[in-house]
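input-v4.cif (mmCIF, C-alpha atoms) appears below.
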data_run
loop_
_atom_site.label_atom_id
_atom_site.label_comp_id
_atom_site.auth_asym_id
_atom_site.auth_seq_id
_atom_site.Cartn_x
_atom_site.Cartn_y
_atom_site.Cartn_z
CA MET P 628 59.61 -72.19 -24.09
CA ARG P 629 56.07 -70.96 -23.45
CA ILE P 630 54.55 -68.34 -25.74
CA ALA P 631 51.13 -66.71 -26.07
CA PHE P 632 49.37 -64.62 -28.72
CA TYR P 633 46.91 -61.75 -28.81
CA THR P 634 45.31 -60.89 -32.15
CA LEU P 635 43.53 -57.67 -33.08
CA GLY P 636 41.74 -57.00 -36.33
CA CYS P 637 40.74 -59.01 -39.36
CA LYS P 638 40.57 -62.70 -40.27
CA THR P 639 43.85 -62.35 -42.15
CA ASN P 640 45.53 -61.38 -38.89
CA GLN P 641 43.86 -64.37 -37.21
CA TYR P 642 45.17 -66.63 -39.94
CA GLU P 643 48.70 -65.29 -39.63
CA THR P 644 48.64 -65.67 -35.85
CA GLN P 645 47.58 -69.30 -36.25
CA ALA P 646 50.40 -69.81 -38.74
CA MET P 647 52.98 -68.37 -36.33
CA ALA P 648 51.60 -70.53 -33.52
CA GLN P 649 52.02 -73.59 -35.73
CA ILE P 650 55.63 -72.65 -36.51
CA PHE P 651 56.40 -72.27 -32.80
CA ALA P 652 54.67 -75.57 -31.98
CA GLU P 653 56.56 -77.41 -34.73
CA LYS P 654 59.79 -76.16 -33.15
CA GLY P 655 58.78 -77.76 -29.86
CA HIS P 656 57.49 -74.75 -27.95
CA GLU P 657 54.31 -74.62 -25.87
CA ILE P 658 51.43 -72.41 -27.01
CA CYS P 659 49.56 -70.89 -24.07
CA THR P 660 46.67 -68.50 -23.50
CA PHE P 661 47.44 -64.83 -23.11
CA ASP P 662 46.60 -64.78 -19.39
CA GLU P 663 49.15 -67.50 -18.56
CA LYS P 664 52.73 -66.86 -17.49
CA CYS P 665 55.07 -67.25 -20.46
CA GLN P 666 58.57 -66.38 -21.58
CA GLY P 667 57.19 -64.60 -24.65
CA TYR P 668 54.07 -62.78 -25.83
CA ILE P 669 53.20 -61.79 -29.38
CA ILE P 670 50.66 -59.07 -30.13
CA ASN P 671 49.48 -59.05 -33.75
CA THR P 672 48.09 -55.57 -34.34
CA CYS P 673 45.52 -53.83 -36.53
CA SER P 674 45.71 -50.25 -37.76
CA VAL P 675 42.53 -49.88 -39.77
CA THR P 676 41.39 -46.92 -37.62
CA ALA P 677 42.76 -44.62 -34.93
CA VAL P 678 40.52 -46.50 -32.49
CA ALA P 679 42.33 -49.71 -33.45
CA ASP P 680 45.66 -48.00 -32.71
CA LYS P 681 44.39 -47.05 -29.26
CA LYS P 682 43.41 -50.67 -28.59
CA ASN P 683 46.85 -51.83 -29.73
CA ARG P 684 48.58 -49.51 -27.27
CA ALA P 685 46.32 -50.56 -24.41
CA VAL P 686 47.05 -54.26 -24.97
CA ILE P 687 50.81 -53.66 -25.26
CA ARG P 688 50.92 -51.56 -22.07
CA ARG P 689 48.88 -54.09 -20.11
CA CYS P 690 51.05 -56.97 -21.31
CA ARG P 691 54.25 -55.15 -20.31
CA LYS P 692 52.85 -54.20 -16.91
CA GLU P 693 51.70 -57.75 -16.12
CA ASN P 694 54.82 -59.44 -17.54
CA PRO P 695 57.80 -57.17 -16.84
CA ASP P 696 60.40 -59.92 -17.39
CA ALA P 697 58.90 -61.51 -20.52
CA VAL P 698 59.89 -60.86 -24.13
CA ILE P 699 57.12 -58.93 -25.85
CA GLY P 700 56.95 -58.94 -29.63
CA VAL P 701 54.63 -56.76 -31.67
CA CYS P 702 53.86 -57.23 -35.36
CA GLY P 703 51.10 -56.34 -37.79
CA CYS P 704 49.76 -53.23 -39.48
CA TYR P 705 50.23 -50.85 -36.53
CA THR P 706 53.95 -51.57 -36.31
CA GLN P 707 54.21 -51.33 -40.09
CA HIS P 708 52.48 -47.95 -40.04
CA ASP P 709 54.02 -46.38 -36.93
CA ALA P 710 57.04 -48.29 -35.65
CA ASP P 711 58.18 -45.34 -33.52
CA ALA P 712 54.95 -45.43 -31.50
CA VAL P 713 55.48 -49.13 -30.80
CA ARG P 714 59.14 -48.64 -29.85
CA ALA P 715 58.08 -46.00 -27.35
CA LEU P 716 56.06 -48.63 -25.49
CA GLY P 717 59.19 -50.59 -24.60
CA VAL P 718 58.63 -53.76 -26.62
CA ASP P 719 61.47 -56.18 -27.31
CA VAL P 720 60.82 -57.37 -30.87
CA LEU P 721 59.27 -55.40 -33.73
CA GLY P 722 57.97 -56.90 -36.94
CA GLY P 723 55.70 -55.53 -39.64
CA SER P 724 52.75 -56.97 -41.53
CA GLY P 725 54.86 -59.47 -43.48
CA CYS P 726 57.80 -61.83 -43.04
CA ARG P 727 56.13 -63.87 -40.32
CA GLU P 728 58.74 -66.64 -40.28
CA GLU P 729 61.54 -64.11 -39.80
CA PHE P 730 59.55 -62.57 -36.95
CA VAL P 731 59.27 -65.97 -35.26
CA GLU P 732 63.04 -66.38 -35.49
CA LEU P 733 63.59 -62.93 -33.97
CA MET P 734 61.28 -63.80 -31.08
CA LEU P 735 63.19 -67.01 -30.37
CA ARG P 736 66.53 -65.17 -30.48
CA SER P 737 65.27 -62.45 -28.17
CA MET P 738 63.82 -64.98 -25.73
CA ALA P 739 67.16 -66.79 -25.65
CA GLU P 740 69.49 -63.79 -25.64
CA LYS P 741 67.34 -61.02 -24.13
CA GLN P 742 68.11 -58.49 -26.86
CA HIS P 743 66.03 -55.94 -28.77
CA LEU P 744 65.47 -56.99 -32.40
CA GLU P 745 63.60 -55.58 -35.38
CA PHE P 746 62.64 -56.65 -38.89
CA LEU P 747 60.67 -54.07 -40.89
CA ASP P 748 60.43 -53.81 -44.68
CA ASN P 749 58.78 -51.40 -47.11
CA ALA P 750 55.30 -52.84 -47.68
CA LEU P 751 54.85 -50.98 -50.98
CA ARG P 752 57.79 -52.89 -52.46
CA ARG P 753 56.46 -56.36 -51.71
CA ARG P 754 55.91 -58.50 -54.78
CA GLU P 755 55.74 -62.10 -53.53
CA PHE P 756 53.03 -63.90 -51.57
CA GLU P 757 54.36 -65.27 -48.28
CA ILE P 758 53.36 -68.93 -47.99
CA LEU P 759 52.54 -69.86 -44.40
CA PRO P 760 51.18 -73.10 -42.92
CA ALA P 761 47.40 -73.24 -43.16
CA GLY P 762 45.18 -74.48 -40.40
CA GLY P 763 43.48 -73.68 -37.14
CA LEU P 764 44.19 -74.09 -33.50
CA GLU P 765 43.59 -77.45 -31.86
CA GLY P 766 39.91 -78.23 -31.34
CA ARG P 767 38.68 -75.91 -34.06
CA THR P 768 36.10 -77.12 -36.55
CA ARG P 769 36.76 -74.42 -39.13
CA ALA P 770 40.05 -73.40 -40.69
CA MET P 771 41.15 -70.31 -42.56
CA LEU P 772 43.01 -70.36 -45.85
CA LYS P 773 44.75 -67.15 -46.87
CA VAL P 774 44.80 -66.85 -50.65
CA GLN P 775 45.78 -63.23 -51.17
CA ASP P 776 47.45 -60.24 -49.53
CA GLY P 777 47.61 -56.52 -50.25
CA CYS P 778 45.24 -53.98 -51.77
CA VAL P 779 45.50 -51.23 -54.38
CA ASN P 780 42.03 -49.69 -54.03
CA PHE P 781 43.28 -46.73 -51.94
CA CYS P 782 39.88 -45.83 -50.51
CA SER P 783 40.04 -42.36 -48.99
CA TYR P 784 39.52 -43.57 -45.40
CA CYS P 785 41.85 -46.59 -45.44
CA ILE P 786 45.52 -46.99 -44.51
CA ILE P 787 45.72 -50.70 -45.41
CA PRO P 788 47.26 -50.33 -48.93
CA TYR P 789 50.19 -48.60 -47.23
CA THR P 790 50.59 -51.19 -44.46
CA ARG P 791 49.97 -54.30 -46.58
CA GLY P 792 51.37 -53.29 -49.95
CA PRO P 793 50.27 -54.28 -53.46
CA VAL P 794 48.22 -57.35 -54.38
CA ARG P 795 50.02 -60.70 -54.10
CA SER P 796 48.17 -63.92 -54.87
CA ALA P 797 48.86 -67.39 -53.58
CA PRO P 798 49.73 -69.74 -56.47
CA LEU P 799 46.79 -71.99 -57.34
CA GLU P 800 48.73 -75.18 -56.65
CA VAL P 801 49.56 -73.94 -53.13
CA VAL P 802 45.92 -73.04 -52.45
CA VAL P 803 44.69 -76.46 -53.55
CA ALA P 804 47.40 -78.36 -51.66
CA GLN P 805 46.68 -76.49 -48.43
CA ALA P 806 42.94 -77.02 -48.79
CA LYS P 807 43.48 -80.75 -49.20
CA GLU P 808 45.76 -80.82 -46.16
CA LEU P 809 43.12 -79.09 -44.04
CA ALA P 810 40.49 -81.60 -45.17
CA GLU P 811 42.80 -84.47 -44.26
CA ASN P 812 43.31 -82.92 -40.81
CA GLY P 813 39.59 -83.17 -40.10
CA TYR P 814 38.37 -79.63 -40.62
CA LYS P 815 34.82 -79.48 -41.94
CA GLU P 816 34.75 -75.87 -43.12
CA LEU P 817 37.29 -73.66 -44.86
CA ILE P 818 37.13 -69.87 -44.79
CA VAL P 819 38.79 -68.29 -47.82
CA THR P 820 40.42 -65.12 -46.58
CA GLY P 821 42.77 -62.33 -47.58
CA ILE P 822 42.96 -58.55 -47.53
CA GLU P 823 40.88 -58.25 -50.73
CA ILE P 824 40.20 -61.72 -52.11
CA ALA P 825 38.31 -60.42 -55.15
CA SER P 826 41.68 -59.29 -56.53
CA TRP P 827 43.17 -62.80 -56.42
CA GLY P 828 44.90 -63.57 -59.69
CA VAL P 829 45.54 -60.05 -61.01
CA ASP P 830 49.28 -60.51 -60.46
CA LEU P 831 49.47 -64.09 -61.77
CA PRO P 832 50.24 -65.14 -65.36
CA GLY P 833 47.11 -64.82 -67.48
CA LYS P 834 45.30 -62.92 -64.68
CA PRO P 835 42.88 -65.75 -63.79
CA PRO P 836 39.62 -64.62 -62.14
CA MET P 837 38.87 -65.33 -58.50
CA SER P 838 36.17 -67.81 -59.56
CA HIS P 839 38.92 -69.98 -61.09
CA MET P 840 40.56 -70.34 -57.69
CA LEU P 841 37.27 -70.91 -55.87
CA SER P 842 36.21 -73.61 -58.32
CA ALA P 843 39.53 -75.39 -57.81
CA ILE P 844 39.06 -75.37 -54.03
CA CYS P 845 35.44 -76.56 -54.20
CA GLU P 846 36.44 -79.43 -56.50
CA ALA P 847 39.55 -80.36 -54.49
CA VAL P 848 37.71 -80.75 -51.17
CA PRO P 849 34.06 -81.55 -51.92
CA GLN P 850 33.64 -82.84 -48.35
CA MET P 851 34.41 -79.39 -46.88
CA ARG P 852 32.12 -76.39 -46.69
CA ILE P 853 33.75 -73.42 -48.43
CA ARG P 854 32.95 -70.01 -46.98
CA LEU P 855 34.04 -66.79 -48.64
CA GLY P 856 35.53 -63.76 -46.95
CA SER P 857 34.54 -60.20 -47.80
CA LEU P 858 33.90 -59.56 -51.51
CA GLU P 859 33.94 -56.45 -53.66
CA PRO P 860 30.50 -56.21 -55.34
CA ARG P 861 32.13 -55.81 -58.75
CA VAL P 862 33.21 -59.46 -58.72
CA ILE P 863 29.57 -60.63 -58.62
CA THR P 864 28.55 -61.10 -62.24
CA GLU P 865 26.17 -63.41 -64.08
CA GLU P 866 29.16 -65.50 -65.14
CA PHE P 867 30.47 -65.73 -61.56
CA CYS P 868 27.10 -66.84 -60.21
CA GLU P 869 26.47 -69.38 -62.98
CA LYS P 870 29.88 -70.90 -62.34
CA MET P 871 29.78 -71.02 -58.54
CA VAL P 872 26.19 -72.20 -58.11
CA LYS P 873 27.33 -75.58 -59.45
CA TYR P 874 29.18 -76.30 -56.20
CA PRO P 875 26.95 -77.54 -53.37
CA ASN P 876 29.78 -77.11 -50.85
CA LEU P 877 29.98 -73.33 -51.43
CA CYS P 878 28.24 -71.68 -48.48
CA PRO P 879 25.34 -69.41 -49.53
CA GLN P 880 26.57 -66.49 -47.44
CA PHE P 881 28.09 -63.52 -49.24
CA HIS P 882 29.63 -60.57 -47.42
CA LEU P 883 29.51 -57.73 -49.94
CA SER P 884 31.58 -54.74 -48.91
CA MET P 885 29.35 -51.64 -49.10
CA GLN P 886 30.42 -48.87 -46.64
CA SER P 887 27.68 -46.47 -47.76
CA GLY P 888 24.34 -46.64 -49.53
CA CYS P 889 24.66 -43.16 -51.00
CA ASP P 890 26.43 -42.47 -54.30
CA THR P 891 27.88 -39.10 -53.33
CA VAL P 892 29.39 -40.56 -50.15
CA LEU P 893 30.74 -43.56 -52.07
CA ALA P 894 32.42 -41.13 -54.46
CA ARG P 895 34.10 -39.29 -51.57
CA MET P 896 35.19 -42.64 -50.18
CA LYS P 897 36.79 -43.43 -53.58
CA ARG P 898 34.90 -46.71 -53.79
CA LYS P 899 34.90 -48.34 -57.23
CA TYR P 900 31.14 -48.85 -57.61
CA ASP P 901 27.85 -47.03 -57.08
CA THR P 902 24.60 -48.18 -55.50
CA ALA P 903 23.17 -49.32 -58.84
CA ARG P 904 26.10 -51.70 -59.39
CA TYR P 905 25.94 -52.85 -55.79
CA TYR P 906 22.22 -53.62 -56.01
CA GLU P 907 22.80 -55.50 -59.25
CA SER P 908 25.14 -57.80 -57.32
CA VAL P 909 22.52 -58.32 -54.62
CA GLN P 910 19.90 -59.26 -57.22
CA LEU P 911 22.24 -61.64 -59.03
CA LEU P 912 23.07 -63.49 -55.82
CA ARG P 913 19.41 -63.85 -54.85
CA LYS P 914 18.54 -65.03 -58.37
CA HIS P 915 21.15 -67.80 -58.38
CA PHE P 916 21.29 -68.58 -54.63
CA PRO P 917 17.68 -68.30 -53.39
CA GLY P 918 17.51 -67.69 -49.65
CA CYS P 919 21.21 -66.83 -49.38
CA ALA P 920 22.43 -64.57 -46.60
CA ILE P 921 23.86 -61.30 -47.86
CA THR P 922 25.77 -59.36 -45.23
CA THR P 923 27.72 -56.13 -45.31
CA ASP P 924 29.65 -53.36 -43.53
CA MET P 925 28.50 -49.75 -43.26
CA ILE P 926 30.38 -46.64 -42.14
CA VAL P 927 28.16 -43.90 -40.72
CA ALA P 928 28.95 -40.20 -40.27
CA PHE P 929 31.65 -40.14 -42.93
CA PRO P 930 33.12 -36.63 -43.32
CA GLY P 931 30.59 -34.33 -44.94
CA GLU P 932 27.76 -36.89 -44.80
CA THR P 933 24.56 -34.85 -44.65
CA GLU P 934 21.32 -35.96 -43.05
CA GLU P 935 19.89 -36.43 -46.54
CA GLU P 936 22.81 -38.63 -47.58
CA PHE P 937 22.48 -40.68 -44.41
CA GLU P 938 18.75 -41.13 -45.01
CA ALA P 939 19.55 -42.32 -48.54
CA SER P 940 21.88 -44.93 -47.05
CA LEU P 941 19.19 -46.11 -44.64
CA ALA P 942 16.70 -46.43 -47.49
CA PHE P 943 19.23 -48.38 -49.52
CA ILE P 944 20.02 -50.92 -46.79
CA ARG P 945 16.28 -51.53 -46.34
CA ARG P 946 16.04 -52.15 -50.07
CA CYS P 947 18.89 -54.66 -49.93
CA ALA P 948 17.34 -56.45 -46.91
CA PHE P 949 20.63 -57.67 -45.48
CA ALA P 950 20.72 -60.75 -43.29
CA ASP P 951 23.27 -59.09 -41.02
CA MET P 952 25.37 -55.93 -40.90
CA HIS P 953 28.40 -54.51 -39.12
CA ILE P 954 27.85 -50.81 -38.41
CA PHE P 955 30.89 -48.61 -37.75
CA PRO P 956 30.99 -44.91 -36.91
CA TYR P 957 33.66 -43.24 -39.03
CA SER P 958 36.99 -43.11 -37.20
CA ARG P 959 39.66 -40.70 -38.37
CA ARG P 960 42.78 -42.39 -39.67
CA PRO P 961 45.79 -40.04 -39.83
CA GLY P 962 47.62 -40.46 -43.11
CA THR P 963 44.49 -40.89 -45.22
CA PRO P 964 42.73 -38.26 -47.40
CA ALA P 965 39.50 -38.57 -45.38
CA ASP P 966 41.29 -37.40 -42.25
CA LYS P 967 41.70 -33.96 -43.84
CA MET P 968 38.23 -33.72 -45.38
CA PRO P 969 35.90 -30.94 -44.17
CA GLY P 970 32.72 -31.80 -42.33
CA GLN P 971 34.12 -34.08 -39.63
CA HIS P 972 31.25 -35.14 -37.35
CA ASN P 973 31.25 -35.05 -33.58
CA ASN P 974 30.78 -38.14 -31.43
CA ALA P 975 27.15 -37.34 -30.67
CA THR P 976 26.26 -37.44 -34.38
CA LYS P 977 28.25 -40.63 -34.89
CA GLU P 978 26.49 -42.34 -32.00
CA GLU P 979 23.03 -41.16 -33.05
CA ARG P 980 23.47 -42.33 -36.64
CA SER P 981 24.97 -45.62 -35.47
CA ARG P 982 21.92 -46.29 -33.30
CA ARG P 983 19.54 -45.62 -36.18
CA ALA P 984 21.46 -47.87 -38.58
CA ILE P 985 21.83 -50.64 -35.99
CA ALA P 986 18.09 -50.56 -35.30
CA ILE P 987 17.32 -51.18 -39.00
CA ALA P 988 20.03 -53.85 -39.23
CA SER P 989 18.50 -55.63 -36.23
CA GLU P 990 15.05 -55.56 -37.84
CA MET P 991 16.43 -57.08 -41.04
CA ASN P 992 18.38 -59.73 -39.15
CA LEU P 993 15.23 -60.71 -37.23
CA ALA P 994 13.22 -60.92 -40.47
CA TYR P 995 15.85 -63.12 -42.09
CA ARG P 996 16.01 -65.48 -39.13
CA GLN P 997 12.22 -65.70 -39.01
CA SER P 998 12.19 -66.64 -42.69
CA LEU P 999 14.24 -69.74 -41.82
CA ILE P 1000 11.75 -71.20 -39.34
CA GLY P 1001 10.53 -74.53 -40.70
CA SER P 1002 13.55 -75.00 -42.94
CA GLU P 1003 16.19 -77.70 -42.67
CA GLN P 1004 19.79 -76.58 -42.22
CA GLU P 1005 23.03 -78.57 -42.25
CA VAL P 1006 24.72 -77.39 -39.06
CA LEU P 1007 28.40 -77.71 -38.24
CA PHE P 1008 28.52 -78.03 -34.44
CA GLU P 1009 31.39 -76.18 -32.79
CA GLU P 1010 30.82 -75.94 -29.03
CA SER P 1011 28.46 -76.54 -26.11
CA VAL P 1012 27.19 -73.52 -24.15
CA ASP P 1013 24.53 -73.22 -21.42
CA GLY P 1014 22.86 -76.53 -22.17
CA PHE P 1015 22.97 -76.17 -25.95
CA ASP P 1016 25.17 -77.52 -28.70
CA THR P 1017 25.79 -74.62 -31.05
CA GLY P 1018 27.09 -74.28 -34.56
CA HIS P 1019 26.52 -72.49 -37.82
CA ALA P 1020 24.35 -73.24 -40.82
CA PRO P 1021 25.77 -72.71 -44.33
CA ASN P 1022 24.22 -69.22 -44.30
CA TYR P 1023 26.22 -68.51 -41.11
CA MET P 1024 23.19 -68.25 -38.87
CA LYS P 1025 23.94 -69.61 -35.40
CA VAL P 1026 21.85 -72.64 -34.44
CA TYR P 1027 21.12 -74.00 -30.96
CA VAL P 1028 19.94 -77.55 -30.14
CA PRO P 1029 19.73 -79.31 -26.75
CA ALA P 1030 23.22 -80.40 -25.73
CA GLN P 1031 24.47 -83.91 -26.35
CA GLY P 1032 28.17 -83.13 -26.66
CA ARG P 1033 28.31 -82.87 -30.43
CA HIS P 1034 31.52 -81.41 -31.82
CA ASN P 1035 32.79 -81.13 -35.38
CA GLU P 1036 29.73 -82.98 -36.66
CA VAL P 1037 27.57 -81.79 -39.54
CA LEU P 1038 23.96 -82.74 -38.90
CA ALA P 1039 20.58 -81.91 -40.43
CA VAL P 1040 18.59 -79.65 -38.11
CA LYS P 1041 14.93 -78.66 -38.39
CA ILE P 1042 14.60 -74.98 -37.43
CA THR P 1043 11.74 -74.60 -34.96
CA GLY P 1044 12.10 -71.02 -33.73
CA LEU P 1045 14.39 -68.22 -32.61
CA HIS P 1046 16.85 -68.30 -29.74
CA ALA P 1047 19.19 -65.58 -28.45
CA ASP P 1048 21.20 -64.31 -31.44
CA GLY P 1049 20.30 -67.24 -33.67
CA LEU P 1050 17.90 -70.09 -34.31
CA LEU P 1051 16.47 -72.92 -32.24
CA GLY P 1052 16.35 -76.34 -33.83
CA GLU P 1053 16.01 -80.07 -33.35
CA ILE P 1054 18.04 -82.88 -34.89
CA GLU P 1055 16.19 -84.48 -37.77
#

Go ahead and render the structure in this file as structure tokens.
Amino acid sequence: MRIAFYTLGCKTNQYETQAMAQIFAEKGHEICTFDEKCQGYIINTCSVTAVADKKNRAVIRRCRKENPDAVIGVCGCYTQHDADAVRALGVDVLGGSGCREEFVELMLRSMAEKQHLEFLDNALRRREFEILPAGGLEGRTRAMLKVQDGCVNFCSYCIIPYTRGPVRSAPLEVVVAQAKELAENGYKELIVTGIEIASWGVDLPGKPPMSHMLSAICEAVPQMRIRLGSLEPRVITEEFCEKMVKYPNLCPQFHLSMQSGCDTVLARMKRKYDTARYYESVQLLRKHFPGCAITTDMIVAFPGETEEEFEASLAFIRRCAFADMHIFPYSRRPGTPADKMPGQHNNATKEERSRRAIAIASEMNLAYRQSLIGSEQEVLFEESVDGFDTGHAPNYMKVYVPAQGRHNEVLAVKITGLHADGLLGEIE
């Protein structure tokens, strides 16, 4: 049978979609693109904000309208959070944010028997890490490796602890074995992902630190570049940096979750650090990984955020001099404490503050890219576009060189200037 996937949300969702696609392919089914005619369609949803929920519904409605006779399955955090809303859209198979193999089986049964099926558990009662096949889709140069699931931070704006459940860590031997398998399959870069990877190990015997797992991966596949997913700043310590700087295959790009550069806003968000601790992490990384790219996320117009608090955030991001940023206007998420906080901002304020933050982020990104002119970067080439071969340097800056059909090659590139959203270079 023919089946297609649509993924919304984070890298963990992308990983789990790839894993489900592999399971279907191993059973002899054909994986298609979402715009092709198929017997089945799977939509893997996100529910991090109310805006994400709206996108989920739009995709589901469009899929049903365009494929009235197909079996449509919906899984992910939106279904886990609000199964009734998904049922109301007339889908055939419902699954939550876990039990992916069971969901695959339900899809196959529904496609064969044309019946409505569901498998939903209580995420807060999950205690075991679900081991899924690691990898990427055919033709990819980079693969994702999920090492952790769940979160217990309970930030005031976030629904994810309720949709993903408590922290579950992949056993170290599974992580290492899957990394080796990916290397043997020809992938050149591995992205370590999870819902909150800094918490890896807290549920394992002896509570090993995340650095223990990362060291094992770096040593197991020295031929692969190892790129980290989003990190909590508290995990960046002198000990962490001294340990990880020993591995030349660890990519010098660190995405440090920030959300706000103002202490009073961070407190209302229920984040577990303040700006002083965050900046300490930034300094430690630059001390041990000179020239590294530090990137982050920022939420603007959080409930009650005053102009003075927002200005403090802008001053703080300038101080940190990020290589790149993702700027998000606060989006209300029913079911979270922040949704009921006073001082909810209107769309005009959200848009105005977003523009101001994006302008500063763009300036910092330009400055970082300019600082790389004249340097040599090892580029993993991924695709050819508009006369250029493109790929990413270890710091995740996009690099363009004149096209010669390179793919999945890692080559030394001399950076000669700027181009589009990245850097222009020539092969050494």

Please evaluate the PyMOL selection byres ((chain P and resi 749-755) around 8) against the structure above and give the resulting residues as a list of chain:residue names.
->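 This file gives the following for the PyMOL selection byres ((chain P and resi 749-755) around 8): P:Gln707, P:Ser724, P:Gly725, P:Leu747, P:Asp748, P:Phe756, P:Glu757, P:Pro788, P:Tyr789, P:Thr790, P:Arg791, P:Gly792, P:Pro793, P:Val794, P:Arg795, P:Ser796.
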
Range 938-955 of chain P surroundings by all atoms listed in the file, 6 Å radius, close-in-sequence under 5 positions cut, as a PDB file with C-alpha atoms, in the frame of the given file:
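Final output, saved to selection.pdb:
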ATOM      1  CA  GLY P 888      24.340 -46.640 -49.530  1.00  0.00           C
ATOM      2  CA  CYS P 889      24.660 -43.160 -51.000  1.00  0.00           C
ATOM      3  CA  ALA P 920      22.430 -64.570 -46.600  1.00  0.00           C
ATOM      4  CA  ILE P 921      23.860 -61.300 -47.860  1.00  0.00           C
ATOM      5  CA  THR P 922      25.770 -59.360 -45.230  1.00  0.00           C
ATOM      6  CA  THR P 923      27.720 -56.130 -45.310  1.00  0.00           C
ATOM      7  CA  ASP P 924      29.650 -53.360 -43.530  1.00  0.00           C
ATOM      8  CA  MET P 925      28.500 -49.750 -43.260  1.00  0.00           C
ATOM      9  CA  ILE P 926      30.380 -46.640 -42.140  1.00  0.00           C
ATOM     10  CA  ALA P 988      20.030 -53.850 -39.230  1.00  0.00           C
ATOM     11  CA  MET P 991      16.430 -57.080 -41.040  1.00  0.00           C
ATOM     12  CA  ASN P 992      18.380 -59.730 -39.150  1.00  0.00           C
ATOM     13  CA  TYR P 995      15.850 -63.120 -42.090  1.00  0.00           C
TER      14      TYR P 995
END

Around (38.2, -39.4, -36.7) in the file's frame, which residues reach within 9 Å when counting all atoms listed in the file? Return as an MDAnalysis selection string?
-> chainID P and resid 676:678 930 957:961 965:966 971:973

Can you work out which one of P:Ala825, P:Ile787, P:Leu893, P:Val774 has the shortest atom-to-atom distance to Glu800 in chain P, counting all atoms listed in the file?
->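 Under the stated criterion, the closest residue is P:Val774.
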
Name all residues at most 10 Å from Glu643 in chain P (count only C-alpha atoms; drop same-chain ones fewer than 5 positions away) and give them as a list in words.
-> Thr634, Lys638, Ala648, Gln649, Asn671, Gly703, Ser724, Gly725, Arg727, Leu759, Pro760, Ala761, Gly762, Met771, Leu772 and Lys773 of chain P

Contacts of range 934-937 of chain P at 10 Å or less, counting only C-alpha atoms, minus same-chain residues fewer than 6 places along, as a PyMOL selection string?
-> chain P and resi 887-892+927-928+943+980+984

Å distance separating CA of Gly962 in chain P from CA of Ser783 in chain P, one decimal place = 9.8 Å
